[in-house]
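Student: My structure is stored as model.cif, with mmCIF, C-alpha atoms.
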```
data_query
loop_
_atom_site.group_PDB
_atom_site.id
_atom_site.type_symbol
_atom_site.label_atom_id
_atom_site.label_comp_id
_atom_site.auth_asym_id
_atom_site.auth_seq_id
_atom_site.Cartn_x
_atom_site.Cartn_y
_atom_site.Cartn_z
ATOM 1 C CA MET X 1183 28.191 2.914 7.384
ATOM 2 C CA ARG X 1184 25.185 4.740 5.928
ATOM 3 C CA MET X 1185 23.480 2.971 3.022
ATOM 4 C CA GLY X 1186 22.282 6.270 1.531
ATOM 5 C CA ASN X 1187 19.690 8.993 1.981
ATOM 6 C CA VAL X 1188 15.953 8.389 1.718
ATOM 7 C CA THR X 1189 13.027 10.811 1.692
ATOM 8 C CA ILE X 1190 9.557 9.481 2.497
ATOM 9 C CA LEU X 1191 6.763 11.638 1.059
ATOM 10 C CA GLY X 1192 3.637 10.980 3.114
ATOM 11 C CA ILE X 1193 5.361 9.722 6.266
ATOM 12 C CA ASN X 1194 2.058 9.317 8.140
ATOM 13 C CA GLY X 1195 0.441 6.952 5.652
ATOM 14 C CA HIS X 1196 0.432 3.165 5.823
ATOM 15 C CA ILE X 1197 3.264 2.709 3.339
ATOM 16 C CA GLY X 1198 5.199 5.788 4.418
ATOM 17 C CA HIS X 1199 5.283 4.808 8.078
ATOM 18 C CA HIS X 1200 6.414 1.218 7.515
ATOM 19 C CA ALA X 1201 8.838 2.030 4.697
ATOM 20 C CA ALA X 1202 10.464 4.602 6.981
ATOM 21 C CA LYS X 1203 10.924 2.014 9.726
ATOM 22 C CA ALA X 1204 12.418 -0.464 7.270
ATOM 23 C CA PHE X 1205 14.869 2.002 5.732
ATOM 24 C CA VAL X 1206 16.024 3.152 9.181
ATOM 25 C CA ALA X 1207 16.549 -0.479 10.220
ATOM 26 C CA ALA X 1208 18.529 -1.097 7.022
ATOM 27 C CA GLY X 1209 20.961 1.717 7.830
ATOM 28 C CA TYR X 1210 19.714 4.632 5.725
ATOM 29 C CA ALA X 1211 19.459 8.277 6.755
ATOM 30 C CA VAL X 1212 15.732 8.976 6.462
ATOM 31 C CA LYS X 1213 13.723 12.184 6.128
ATOM 32 C CA GLY X 1214 9.953 12.155 6.533
ATOM 33 C CA PHE X 1215 7.651 14.678 4.851
ATOM 34 C CA GLY X 1216 4.046 15.457 5.798
ATOM 35 C CA ARG X 1217 1.609 17.922 7.306
ATOM 36 C CA SER X 1218 2.264 16.579 10.802
ATOM 37 C CA ASN X 1219 4.572 14.131 12.535
ATOM 38 C CA ARG X 1220 2.226 11.500 13.945
ATOM 39 C CA PRO X 1221 3.224 9.073 15.118
ATOM 40 C CA PRO X 1222 6.944 9.880 15.043
ATOM 41 C CA VAL X 1223 9.259 7.181 13.719
ATOM 42 C CA ASP X 1224 12.503 6.706 15.642
ATOM 43 C CA GLY X 1225 15.494 7.655 13.535
ATOM 44 C CA VAL X 1226 13.503 9.774 11.046
ATOM 45 C CA VAL X 1227 14.099 13.526 10.670
ATOM 46 C CA PHE X 1228 10.698 15.097 10.066
ATOM 47 C CA HIS X 1229 10.077 17.972 7.633
ATOM 48 C CA GLN X 1230 6.699 19.670 7.637
ATOM 49 C CA GLY X 1231 5.398 20.829 4.289
ATOM 50 C CA ASP X 1232 2.655 21.028 1.686
ATOM 51 C CA ALA X 1233 2.436 18.169 -0.806
ATOM 52 C CA GLY X 1234 0.963 20.586 -3.318
ATOM 53 C CA SER X 1235 4.064 22.791 -3.254
ATOM 54 C CA VAL X 1236 6.838 22.031 -5.727
ATOM 55 C CA ALA X 1237 9.181 24.152 -3.615
ATOM 56 C CA ASP X 1238 8.445 22.188 -0.430
ATOM 57 C CA LEU X 1239 8.847 18.853 -2.203
ATOM 58 C CA SER X 1240 12.036 19.915 -3.986
ATOM 59 C CA ALA X 1241 13.595 21.056 -0.715
ATOM 60 C CA VAL X 1242 12.967 17.766 1.102
ATOM 61 C CA ILE X 1243 13.940 15.650 -1.921
ATOM 62 C CA GLU X 1244 17.285 17.448 -2.308
ATOM 63 C CA GLY X 1245 20.145 15.213 -1.217
ATOM 64 C CA ALA X 1246 18.067 12.019 -1.328
ATOM 65 C CA ASP X 1247 19.206 8.976 -3.255
ATOM 66 C CA ILE X 1248 15.792 7.327 -2.927
ATOM 67 C CA VAL X 1249 12.367 8.973 -2.724
ATOM 68 C CA VAL X 1250 9.326 6.959 -1.596
ATOM 69 C CA ASN X 1251 6.134 8.528 -2.903
ATOM 70 C CA ALA X 1252 3.620 7.441 -0.264
ATOM 71 C CA LEU X 1253 1.367 10.461 -0.800
ATOM 72 C CA ASN X 1254 -2.300 9.716 -1.280
ATOM 73 C CA LEU X 1255 -5.540 11.654 -1.405
ATOM 74 C CA PRO X 1256 -8.687 10.817 0.589
ATOM 75 C CA TYR X 1257 -10.461 7.897 -1.074
ATOM 76 C CA ASP X 1258 -13.270 10.022 -2.522
ATOM 77 C CA LYS X 1259 -10.978 12.802 -3.795
ATOM 78 C CA TRP X 1260 -9.182 10.986 -6.600
ATOM 79 C CA ASP X 1261 -11.407 12.226 -9.419
ATOM 80 C CA LYS X 1262 -11.488 15.422 -11.494
ATOM 81 C CA GLY X 1263 -7.784 15.047 -12.233
ATOM 82 C CA ARG X 1264 -6.766 15.586 -8.617
ATOM 83 C CA ALA X 1265 -4.819 12.321 -8.230
ATOM 84 C CA GLU X 1266 -2.902 12.942 -11.453
ATOM 85 C CA ALA X 1267 -2.206 16.533 -10.405
ATOM 86 C CA GLN X 1268 -0.736 15.435 -7.080
ATOM 87 C CA LEU X 1269 1.594 13.009 -8.844
ATOM 88 C CA ALA X 1270 2.517 15.628 -11.468
ATOM 89 C CA THR X 1271 3.733 17.880 -8.646
ATOM 90 C CA VAL X 1272 6.026 15.115 -7.399
ATOM 91 C CA ILE X 1273 7.316 14.464 -10.917
ATOM 92 C CA THR X 1274 8.084 18.165 -11.346
ATOM 93 C CA ALA X 1275 9.902 18.254 -8.003
ATOM 94 C CA MET X 1276 11.961 15.184 -8.968
ATOM 95 C CA GLY X 1277 13.044 16.986 -12.159
ATOM 96 C CA GLU X 1278 15.877 15.386 -14.093
ATOM 97 C CA SER X 1279 17.641 14.347 -10.920
ATOM 98 C CA GLY X 1280 18.418 10.739 -11.790
ATOM 99 C CA LYS X 1281 17.207 9.731 -8.327
ATOM 100 C CA THR X 1282 15.178 6.608 -7.618
ATOM 101 C CA LEU X 1283 11.433 6.955 -6.997
ATOM 102 C CA LEU X 1284 9.720 4.041 -5.256
ATOM 103 C CA TYR X 1285 5.980 3.992 -5.896
ATOM 104 C CA PRO X 1286 3.304 1.761 -4.301
ATOM 105 C CA GLY X 1287 1.043 0.248 -6.937
ATOM 106 C CA ASN X 1288 -2.162 -1.679 -6.340
ATOM 107 C CA ILE X 1289 -4.421 -4.212 -8.010
ATOM 108 C CA TYR X 1290 -6.928 -1.677 -9.347
ATOM 109 C CA ASN X 1291 -5.158 -1.642 -12.728
ATOM 110 C CA TYR X 1292 -6.488 -5.101 -13.619
ATOM 111 C CA ALA X 1293 -9.822 -6.593 -14.634
ATOM 112 C CA ALA X 1294 -11.856 -8.760 -12.280
ATOM 113 C CA SER X 1295 -11.409 -11.696 -14.675
ATOM 114 C CA GLU X 1296 -7.660 -11.835 -13.976
ATOM 115 C CA ARG X 1297 -6.711 -14.647 -11.618
ATOM 116 C CA ARG X 1298 -2.892 -14.710 -11.470
ATOM 117 C CA ILE X 1299 -1.517 -11.234 -12.083
ATOM 118 C CA THR X 1300 2.168 -10.885 -12.950
ATOM 119 C CA PRO X 1301 4.171 -7.789 -13.985
ATOM 120 C CA SER X 1302 3.654 -8.800 -17.624
ATOM 121 C CA SER X 1303 -0.153 -9.047 -17.322
ATOM 122 C CA ALA X 1304 -2.056 -6.567 -19.491
ATOM 123 C CA GLN X 1305 -3.689 -3.747 -17.526
ATOM 124 C CA HIS X 1306 -7.436 -3.454 -18.137
ATOM 125 C CA PRO X 1307 -8.932 -1.459 -15.255
ATOM 126 C CA GLN X 1308 -12.389 -2.459 -14.089
ATOM 127 C CA THR X 1309 -13.353 0.947 -12.714
ATOM 128 C CA SER X 1310 -12.682 4.663 -13.159
ATOM 129 C CA ARG X 1311 -10.487 4.470 -10.053
ATOM 130 C CA GLY X 1312 -8.396 1.805 -11.762
ATOM 131 C CA ALA X 1313 -8.125 3.980 -14.865
ATOM 132 C CA ILE X 1314 -6.696 6.753 -12.680
ATOM 133 C CA ARG X 1315 -4.023 4.398 -11.374
ATOM 134 C CA VAL X 1316 -3.146 3.329 -14.915
ATOM 135 C CA ARG X 1317 -2.749 6.960 -15.982
ATOM 136 C CA GLN X 1318 -0.539 7.678 -12.977
ATOM 137 C CA GLU X 1319 1.751 4.779 -13.798
ATOM 138 C CA GLU X 1320 1.896 5.933 -17.431
ATOM 139 C CA MET X 1321 3.050 9.350 -16.191
ATOM 140 C CA LEU X 1322 5.810 7.703 -14.174
ATOM 141 C CA ALA X 1323 6.833 5.429 -17.043
ATOM 142 C CA ALA X 1324 7.117 8.430 -19.362
ATOM 143 C CA ALA X 1325 9.377 10.275 -16.905
ATOM 144 C CA ALA X 1326 11.588 7.218 -16.446
ATOM 145 C CA LYS X 1327 11.817 6.478 -20.160
ATOM 146 C CA ALA X 1328 12.792 10.106 -20.762
ATOM 147 C CA GLY X 1329 15.740 9.505 -18.422
ATOM 148 C CA LYS X 1330 14.572 11.963 -15.753
ATOM 149 C CA PHE X 1331 14.659 9.529 -12.824
ATOM 150 C CA GLN X 1332 14.326 5.844 -12.059
ATOM 151 C CA VAL X 1333 10.866 4.508 -11.169
ATOM 152 C CA LEU X 1334 10.397 1.246 -9.258
ATOM 153 C CA ILE X 1335 6.754 0.285 -8.718
ATOM 154 C CA ILE X 1336 5.968 -2.250 -6.003
ATOM 155 C CA ARG X 1337 2.393 -3.454 -6.387
ATOM 156 C CA ALA X 1338 0.642 -5.053 -3.422
ATOM 157 C CA GLY X 1339 -2.747 -6.196 -2.175
ATOM 158 C CA ASP X 1340 -4.775 -4.736 0.680
ATOM 159 C CA PHE X 1341 -2.725 -3.455 3.593
ATOM 160 C CA TYR X 1342 -2.920 -4.732 7.155
ATOM 161 C CA GLY X 1343 -0.743 -4.634 10.233
ATOM 162 C CA PRO X 1344 -0.625 -3.837 13.963
ATOM 163 C CA GLY X 1345 -1.763 -0.353 14.892
ATOM 164 C CA SER X 1346 -2.977 0.427 11.388
ATOM 165 C CA GLN X 1347 -6.017 2.696 11.148
ATOM 166 C CA GLY X 1348 -8.387 3.558 8.330
ATOM 167 C CA ASP X 1349 -8.069 0.111 6.743
ATOM 168 C CA TRP X 1350 -10.308 -2.929 6.264
ATOM 169 C CA TYR X 1351 -9.664 -4.247 9.772
ATOM 170 C CA ASP X 1352 -10.388 -0.962 11.489
ATOM 171 C CA GLN X 1353 -13.425 -0.039 9.399
ATOM 172 C CA ALA X 1354 -14.935 -3.399 8.496
ATOM 173 C CA ILE X 1355 -13.593 -6.757 9.699
ATOM 174 C CA MET X 1356 -13.144 -5.793 13.374
ATOM 175 C CA MET X 1357 -15.626 -2.914 13.601
ATOM 176 C CA SER X 1358 -18.009 -4.876 15.888
ATOM 177 C CA ILE X 1359 -15.382 -6.598 18.016
ATOM 178 C CA GLY X 1360 -16.996 -4.981 21.074
ATOM 179 C CA LYS X 1361 -19.926 -7.309 20.377
ATOM 180 C CA ASP X 1362 -17.578 -10.291 19.897
ATOM 181 C CA LYS X 1363 -18.317 -10.245 16.179
ATOM 182 C CA VAL X 1364 -16.015 -10.210 13.125
ATOM 183 C CA TYR X 1365 -17.092 -9.706 9.537
ATOM 184 C CA ARG X 1366 -16.237 -11.843 6.530
ATOM 185 C CA LEU X 1367 -16.027 -9.725 3.383
ATOM 186 C CA ALA X 1368 -16.886 -12.452 0.852
ATOM 187 C CA ASP X 1369 -17.545 -16.189 0.481
ATOM 188 C CA THR X 1370 -15.189 -18.443 2.424
ATOM 189 C CA GLY X 1371 -13.605 -20.114 -0.606
ATOM 190 C CA ILE X 1372 -12.585 -16.945 -2.455
ATOM 191 C CA GLY X 1373 -8.927 -15.936 -2.254
ATOM 192 C CA HIS X 1374 -7.721 -12.389 -1.630
ATOM 193 C CA ALA X 1375 -4.334 -10.654 -1.834
ATOM 194 C CA TRP X 1376 -3.112 -9.079 1.417
ATOM 195 C CA ALA X 1377 0.094 -7.181 2.191
ATOM 196 C CA TYR X 1378 1.382 -7.227 5.774
ATOM 197 C CA LEU X 1379 2.765 -3.723 6.187
ATOM 198 C CA PRO X 1380 5.972 -4.536 8.097
ATOM 199 C CA ASP X 1381 6.878 -7.022 5.341
ATOM 200 C CA LEU X 1382 5.935 -4.589 2.565
ATOM 201 C CA GLY X 1383 8.040 -1.856 4.159
ATOM 202 C CA ARG X 1384 11.038 -4.202 4.201
ATOM 203 C CA ALA X 1385 10.371 -5.071 0.547
ATOM 204 C CA PHE X 1386 10.607 -1.366 -0.335
ATOM 205 C CA ALA X 1387 13.951 -1.146 1.459
ATOM 206 C CA LYS X 1388 15.227 -4.289 -0.251
ATOM 207 C CA VAL X 1389 14.227 -3.143 -3.735
ATOM 208 C CA GLY X 1390 15.742 0.275 -3.019
ATOM 209 C CA ALA X 1391 19.033 -1.344 -2.076
ATOM 210 C CA GLU X 1392 19.096 -3.150 -5.445
ATOM 211 C CA ARG X 1393 18.279 -0.032 -7.482
ATOM 212 C CA ASN X 1394 21.625 0.188 -9.265
ATOM 213 C CA SER X 1395 21.136 -3.246 -10.803
ATOM 214 C CA LEU X 1396 17.614 -2.440 -12.060
ATOM 215 C CA ALA X 1397 16.287 -0.750 -15.175
ATOM 216 C CA MET X 1398 15.003 2.824 -15.270
ATOM 217 C CA PHE X 1399 11.418 1.549 -15.032
ATOM 218 C CA GLU X 1400 10.440 -1.617 -13.194
ATOM 219 C CA ASN X 1401 7.105 -3.076 -12.118
ATOM 220 C CA PHE X 1402 7.279 -5.572 -9.236
ATOM 221 C CA HIS X 1403 4.406 -7.521 -7.690
ATOM 222 C CA PHE X 1404 4.561 -8.249 -3.963
ATOM 223 C CA ALA X 1405 2.765 -11.561 -3.397
ATOM 224 C CA GLY X 1406 2.202 -11.052 0.324
ATOM 225 C CA HIS X 1407 -0.425 -13.380 1.772
ATOM 226 C CA TYR X 1408 -2.929 -14.766 -0.715
ATOM 227 C CA VAL X 1409 -5.527 -16.565 1.401
ATOM 228 C CA THR X 1410 -9.231 -17.346 1.299
ATOM 229 C CA HIS X 1411 -11.705 -15.375 3.369
ATOM 230 C CA GLY X 1412 -12.402 -18.573 5.273
ATOM 231 C CA ALA X 1413 -8.730 -19.000 6.177
ATOM 232 C CA LEU X 1414 -8.612 -15.375 7.330
ATOM 233 C CA MET X 1415 -11.558 -15.913 9.666
ATOM 234 C CA GLU X 1416 -9.968 -19.075 11.050
ATOM 235 C CA ALA X 1417 -6.723 -17.196 11.795
ATOM 236 C CA ILE X 1418 -8.609 -14.410 13.594
ATOM 237 C CA LEU X 1419 -10.603 -16.895 15.667
ATOM 238 C CA ALA X 1420 -7.413 -18.766 16.556
ATOM 239 C CA ALA X 1421 -5.811 -15.536 17.797
ATOM 240 C CA ALA X 1422 -8.783 -14.578 19.977
ATOM 241 C CA PRO X 1423 -8.730 -15.522 23.683
ATOM 242 C CA HIS X 1424 -12.502 -16.088 23.657
ATOM 243 C CA PRO X 1425 -15.090 -17.216 21.083
ATOM 244 C CA LEU X 1426 -16.112 -14.798 18.340
ATOM 245 C CA LYS X 1427 -19.031 -14.886 15.943
ATOM 246 C CA VAL X 1428 -18.342 -14.629 12.218
ATOM 247 C CA ALA X 1429 -20.950 -12.733 10.193
ATOM 248 C CA PRO X 1430 -21.080 -11.761 6.510
ATOM 249 C CA MET X 1431 -20.281 -8.148 5.794
ATOM 250 C CA PRO X 1432 -23.531 -6.099 5.641
ATOM 251 C CA TRP X 1433 -22.886 -4.739 2.159
ATOM 252 C CA LEU X 1434 -26.506 -3.619 1.650
ATOM 253 C CA ALA X 1435 -26.334 -1.488 4.783
ATOM 254 C CA MET X 1436 -23.041 -0.030 3.556
ATOM 255 C CA GLN X 1437 -24.658 0.818 0.204
ATOM 256 C CA ALA X 1438 -27.332 2.753 2.060
ATOM 257 C CA MET X 1439 -24.662 4.586 4.069
ATOM 258 C CA GLY X 1440 -22.863 5.389 0.832
ATOM 259 C CA LEU X 1441 -25.761 7.572 -0.254
ATOM 260 C CA PHE X 1442 -24.584 10.104 2.324
ATOM 261 C CA ASN X 1443 -20.896 9.187 2.759
ATOM 262 C CA GLY X 1444 -18.461 9.762 -0.112
ATOM 263 C CA PRO X 1445 -15.655 7.419 0.985
ATOM 264 C CA ILE X 1446 -18.060 4.538 1.636
ATOM 265 C CA ARG X 1447 -19.734 5.117 -1.724
ATOM 266 C CA GLU X 1448 -16.362 4.769 -3.440
ATOM 267 C CA ILE X 1449 -15.474 1.678 -1.408
ATOM 268 C CA ILE X 1450 -18.669 -0.037 -2.551
ATOM 269 C CA LYS X 1451 -17.601 0.410 -6.167
ATOM 270 C CA MET X 1452 -14.529 -1.737 -5.457
ATOM 271 C CA ARG X 1453 -16.463 -4.693 -4.043
ATOM 272 C CA TYR X 1454 -15.461 -6.774 -7.085
ATOM 273 C CA LEU X 1455 -11.986 -7.100 -5.529
ATOM 274 C CA TRP X 1456 -13.481 -9.206 -2.730
ATOM 275 C CA ASN X 1457 -15.694 -11.371 -4.929
ATOM 276 C CA ASN X 1458 -12.957 -12.351 -7.376
ATOM 277 C CA PRO X 1459 -9.777 -14.332 -6.559
ATOM 278 C CA MET X 1460 -7.072 -12.022 -7.940
ATOM 279 C CA GLU X 1461 -3.579 -13.176 -6.943
ATOM 280 C CA LEU X 1462 -0.376 -11.164 -7.357
ATOM 281 C CA ALA X 1463 2.686 -13.155 -8.410
ATOM 282 C CA ASP X 1464 6.267 -12.243 -9.284
ATOM 283 C CA PRO X 1465 8.979 -14.930 -9.126
ATOM 284 C CA ARG X 1466 11.605 -12.273 -9.878
ATOM 285 C CA LEU X 1467 10.714 -10.210 -6.793
ATOM 286 C CA ASP X 1468 10.443 -13.390 -4.726
ATOM 287 C CA ALA X 1469 14.021 -14.250 -5.682
ATOM 288 C CA LEU X 1470 15.217 -10.725 -4.898
ATOM 289 C CA LEU X 1471 13.619 -10.812 -1.437
ATOM 290 C CA GLY X 1472 14.968 -14.279 -0.705
ATOM 291 C CA ALA X 1473 13.560 -17.408 0.896
ATOM 292 C CA ASP X 1474 11.500 -17.095 4.089
ATOM 293 C CA PHE X 1475 11.226 -13.326 3.635
ATOM 294 C CA GLY X 1476 7.666 -12.787 4.844
ATOM 295 C CA THR X 1477 6.061 -13.082 8.266
ATOM 296 C CA PRO X 1478 3.952 -16.272 8.620
ATOM 297 C CA PHE X 1479 0.291 -15.494 7.967
ATOM 298 C CA GLU X 1480 -1.012 -16.631 11.355
ATOM 299 C CA THR X 1481 1.669 -14.589 13.148
ATOM 300 C CA ALA X 1482 0.827 -11.493 11.107
ATOM 301 C CA ILE X 1483 -2.906 -11.867 11.785
ATOM 302 C CA ALA X 1484 -2.352 -12.332 15.517
ATOM 303 C CA ALA X 1485 -0.249 -9.150 15.669
ATOM 304 C CA THR X 1486 -2.830 -7.211 13.663
ATOM 305 C CA VAL X 1487 -5.896 -8.171 15.698
ATOM 306 C CA ALA X 1488 -4.222 -8.037 19.131
ATOM 307 C CA PRO X 1489 -4.959 -4.298 19.670
ATOM 308 C CA PHE X 1490 -8.631 -4.845 18.783
ATOM 309 C CA LEU X 1491 -8.947 -7.845 21.097
ATOM 310 C CA ALA X 1492 -7.367 -5.872 23.949
ATOM 311 C CA ARG X 1493 -10.000 -3.129 23.825
#
```
As a first step, turn the structure in this file into structure tokens.
Tutor:
Amino acid sequence: MRMGNVTILGINGHIGHHAAKAFVAAGYAVKGFGRSNRPPVDGVVFHQGDAGSVADLSAVIEGADIVVNALNLPYDKWDKGRAEAQLATVITAMGESGKTLLYPGNIYNYAASERRITPSSAQHPQTSRGAIRVRQEEMLAAAAKAGKFQVLIIRAGDFYGPGSQGDWYDQAIMMSIGKDKVYRLADTGIGHAWAYLPDLGRAFAKVGAERNSLAMFENFHFAGHYVTHGALMEAILAAAPHPLKVAPMPWLAMQAMGLFNGPIREIIKMRYLWNNPMELADPRLDALLGADFGTPFETAIAATVAPFLAR
């Protein structure tokens, strides 16, 4: 028996890809929307379209019970109102449909001084990028409170997982694995919030399944794996078949590169996230997901670094 119909906007992104897999596994009929179908997800019907077109979005959303908004702009293209405009197009396409919109939140909404961040924590963004995320969530809250459609935000830490590209493993931690070197992004004793993508995808499917028992606007925090940078290095070394050298991330060199590279320049501005132990917590979501929901940290790390170690 089909659980319902789901449309994934941004099927090729980190969240879109893994949410699609999870919804298929949970028994939903799933449509994927994007510019291209790479890599294809088994069981997903792909629809090519333009995320800037209300008509394209409306067509693929039609018939869906749940819409996952996994659309995102390049990291250095959020400013000048572009991020808000992209979301406004989705909101327009959703209309007054009464459907459920699942939205991936992040930690940018909170100040560096926050240590244990719950759904009730006050949002005080540290950067202009964080202020953009706050404005986007305010747009969604306004639509939900007006009764147009349900909005369920699932906030998570930094993504990681096997086969993932364009993330901190691909572009930083494992970038010198050919020289048997891995990079530590901050001091060993500082904690950091991570979200293993297969687990996060399943969390989206689980929250979606519970939508009828939830309010029109909900903000959930996915705890994921909160571990120190030292523990992360130990897990990577344990997964490696041969010795690796751990080196501190060359942030000064990255700052120099940022003078000529927009995405790197924007990444540097978010360095505070690595130097401050900001933990996501939500006992309510933990109870909804159930005991022993997540993949053990060491298992998740081993799966993530295996493709790099095999090169």
Student: Taking only C-alpha atoms into account, name the residue in X:Trp1350, X:Phe1479, X:Tyr1408, X:Trp1456 that is nearest to Ala1368 of chain X.
Tutor: X:Trp1456
Student: Residues at most 7 Å from Ser1240 of chain X, counting all atoms listed in the file, excluding those fewer than 3 positions away in the same chain, as a list in words?
Tutor: Val1236, Ala1237, Ile1243, Glu1244, Ala1275 and Met1276 of chain X
Student: Apply the PyMOL selection byres ((chain X and resi 1488) around 10) to the file shown and report the selected residues as a count of residues only.
Tutor: 16
Student: Taking 4 positions as the minimum chain separation for residues in the same chain, which residues sit within 8 Å of segment 1285-1297 of chain X when counting all atoms listed in the file? Answer as a PyMOL selection string.
Tutor: chain X and resi 1197+1250-1252+1304-1309+1311-1313+1315-1316+1333-1339+1454-1455+1458-1461
Student: In Å, with one decimal, what is the gap from atom CA of Ala1265 of chain X to atom CA of Gly1234 of chain X?
Tutor: 11.2 Å
Student: On this structure, the PyMOL selection byres ((chain X and resi 1198-1208) around 7) would catch which residues? List them as an mmCIF file with C-alpha atoms, in the coordinates of the input, sorted by chain and number.
Tutor:
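Written out: result35.cif:
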```cif
data_model
loop_
_atom_site.group_PDB
_atom_site.id
_atom_site.type_symbol
_atom_site.label_atom_id
_atom_site.label_comp_id
_atom_site.auth_asym_id
_atom_site.auth_seq_id
_atom_site.Cartn_x
_atom_site.Cartn_y
_atom_site.Cartn_z
ATOM 1 C CA ILE X 1190 9.557 9.481 2.497
ATOM 2 C CA LEU X 1191 6.763 11.638 1.059
ATOM 3 C CA GLY X 1192 3.637 10.980 3.114
ATOM 4 C CA ILE X 1193 5.361 9.722 6.266
ATOM 5 C CA ASN X 1194 2.058 9.317 8.140
ATOM 6 C CA GLY X 1195 0.441 6.952 5.652
ATOM 7 C CA HIS X 1196 0.432 3.165 5.823
ATOM 8 C CA ILE X 1197 3.264 2.709 3.339
ATOM 9 C CA GLY X 1209 20.961 1.717 7.830
ATOM 10 C CA TYR X 1210 19.714 4.632 5.725
ATOM 11 C CA ALA X 1211 19.459 8.277 6.755
ATOM 12 C CA VAL X 1212 15.732 8.976 6.462
ATOM 13 C CA VAL X 1223 9.259 7.181 13.719
ATOM 14 C CA GLY X 1225 15.494 7.655 13.535
ATOM 15 C CA ALA X 1252 3.620 7.441 -0.264
ATOM 16 C CA LEU X 1379 2.765 -3.723 6.187
ATOM 17 C CA PRO X 1380 5.972 -4.536 8.097
ATOM 18 C CA GLY X 1383 8.040 -1.856 4.159
ATOM 19 C CA ARG X 1384 11.038 -4.202 4.201
ATOM 20 C CA PHE X 1386 10.607 -1.366 -0.335
ATOM 21 C CA ALA X 1387 13.951 -1.146 1.459
#
```
Student: Here is a test: counting only C-alpha atoms, which residue of X:Val1227, X:Lys1427, X:Arg1317, X:Ala1241 is nearest to Glu1266 of chain X?
Tutor: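 Result for the nearest residue to Glu1266 of chain X: X:Arg1317.
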Student: So how far away is atom CA of Gly1406 of chain X from atom CA of Ala1482 of chain X, in Å?
Tutor: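 We find that atom CA of Ala1482 of chain X and atom CA of Gly1406 of chain X lie 10.9 Å from each other.
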Student: From (6.9, 18.9, 3.8), in the file's coordinates, out to 9 Å: which residues are reached, counting all atoms listed in the file? Answer as an MDAnalysis selection string.
Tutor: chainID X and resid 1191:1192 1214:1218 1228:1233 1235 1238:1239 1241:1242
Student: Quick one: everything within 12 Å of Trp1260 of chain X, counting only C-alpha atoms, minus sequence neighbours fewer than 3 positions away in the same chain. Send it as an NGL selection string.
Tutor: :X and (1254-1257 or 1263-1269 or 1310-1315 or 1318 or 1444-1445 or 1448)
Student: Would you compute the distance between atom CA of Ala1328 of chain X and atom CA of Arg1466 of chain X? Give it in Å to one decimal.
Tutor: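 These atoms are spaced 24.9 Å apart.
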Student: Going by the chain IDs and residue numbers used in this file, which residues fall under the PyMOL selection byres ((chain X and resi 1391-1394) around 12)? Write them as an mmCIF file with C-alpha atoms, in the coordinates of the input.
Tutor:
```
data_model
loop_
_atom_site.group_PDB
_atom_site.id
_atom_site.type_symbol
_atom_site.label_atom_id
_atom_site.label_comp_id
_atom_site.auth_asym_id
_atom_site.auth_seq_id
_atom_site.Cartn_x
_atom_site.Cartn_y
_atom_site.Cartn_z
ATOM 1 C CA ARG X 1184 25.185 4.740 5.928
ATOM 2 C CA MET X 1185 23.480 2.971 3.022
ATOM 3 C CA GLY X 1186 22.282 6.270 1.531
ATOM 4 C CA ASN X 1187 19.690 8.993 1.981
ATOM 5 C CA VAL X 1188 15.953 8.389 1.718
ATOM 6 C CA ALA X 1204 12.418 -0.464 7.270
ATOM 7 C CA PHE X 1205 14.869 2.002 5.732
ATOM 8 C CA ALA X 1208 18.529 -1.097 7.022
ATOM 9 C CA GLY X 1209 20.961 1.717 7.830
ATOM 10 C CA TYR X 1210 19.714 4.632 5.725
ATOM 11 C CA ASP X 1247 19.206 8.976 -3.255
ATOM 12 C CA ILE X 1248 15.792 7.327 -2.927
ATOM 13 C CA VAL X 1249 12.367 8.973 -2.724
ATOM 14 C CA GLY X 1280 18.418 10.739 -11.790
ATOM 15 C CA LYS X 1281 17.207 9.731 -8.327
ATOM 16 C CA THR X 1282 15.178 6.608 -7.618
ATOM 17 C CA LEU X 1283 11.433 6.955 -6.997
ATOM 18 C CA LEU X 1284 9.720 4.041 -5.256
ATOM 19 C CA PHE X 1331 14.659 9.529 -12.824
ATOM 20 C CA GLN X 1332 14.326 5.844 -12.059
ATOM 21 C CA VAL X 1333 10.866 4.508 -11.169
ATOM 22 C CA LEU X 1334 10.397 1.246 -9.258
ATOM 23 C CA ILE X 1335 6.754 0.285 -8.718
ATOM 24 C CA ARG X 1384 11.038 -4.202 4.201
ATOM 25 C CA ALA X 1385 10.371 -5.071 0.547
ATOM 26 C CA PHE X 1386 10.607 -1.366 -0.335
ATOM 27 C CA ALA X 1387 13.951 -1.146 1.459
ATOM 28 C CA LYS X 1388 15.227 -4.289 -0.251
ATOM 29 C CA VAL X 1389 14.227 -3.143 -3.735
ATOM 30 C CA GLY X 1390 15.742 0.275 -3.019
ATOM 31 C CA SER X 1395 21.136 -3.246 -10.803
ATOM 32 C CA LEU X 1396 17.614 -2.440 -12.060
ATOM 33 C CA ALA X 1397 16.287 -0.750 -15.175
ATOM 34 C CA MET X 1398 15.003 2.824 -15.270
ATOM 35 C CA PHE X 1399 11.418 1.549 -15.032
ATOM 36 C CA GLU X 1400 10.440 -1.617 -13.194
ATOM 37 C CA LEU X 1467 10.714 -10.210 -6.793
ATOM 38 C CA LEU X 1470 15.217 -10.725 -4.898
ATOM 39 C CA LEU X 1471 13.619 -10.812 -1.437
#
```
Student: So that I can check the surroundings of Thr1300 of chain X, please list as a CSV table (one decimal) with C-alpha atoms, keeping the file's coordinate frame every protein, DNA and RNA residue that reaches within 7 Å of it, counting all atoms listed in the file and ignoring chain neighbours fewer than 4 positions away.
Tutor:
```
chain,number,residue,atom,x,y,z
X,1403,HIS,CA,4.4,-7.5,-7.7
X,1462,LEU,CA,-0.4,-11.2,-7.4
X,1463,ALA,CA,2.7,-13.2,-8.4
X,1464,ASP,CA,6.3,-12.2,-9.3
```
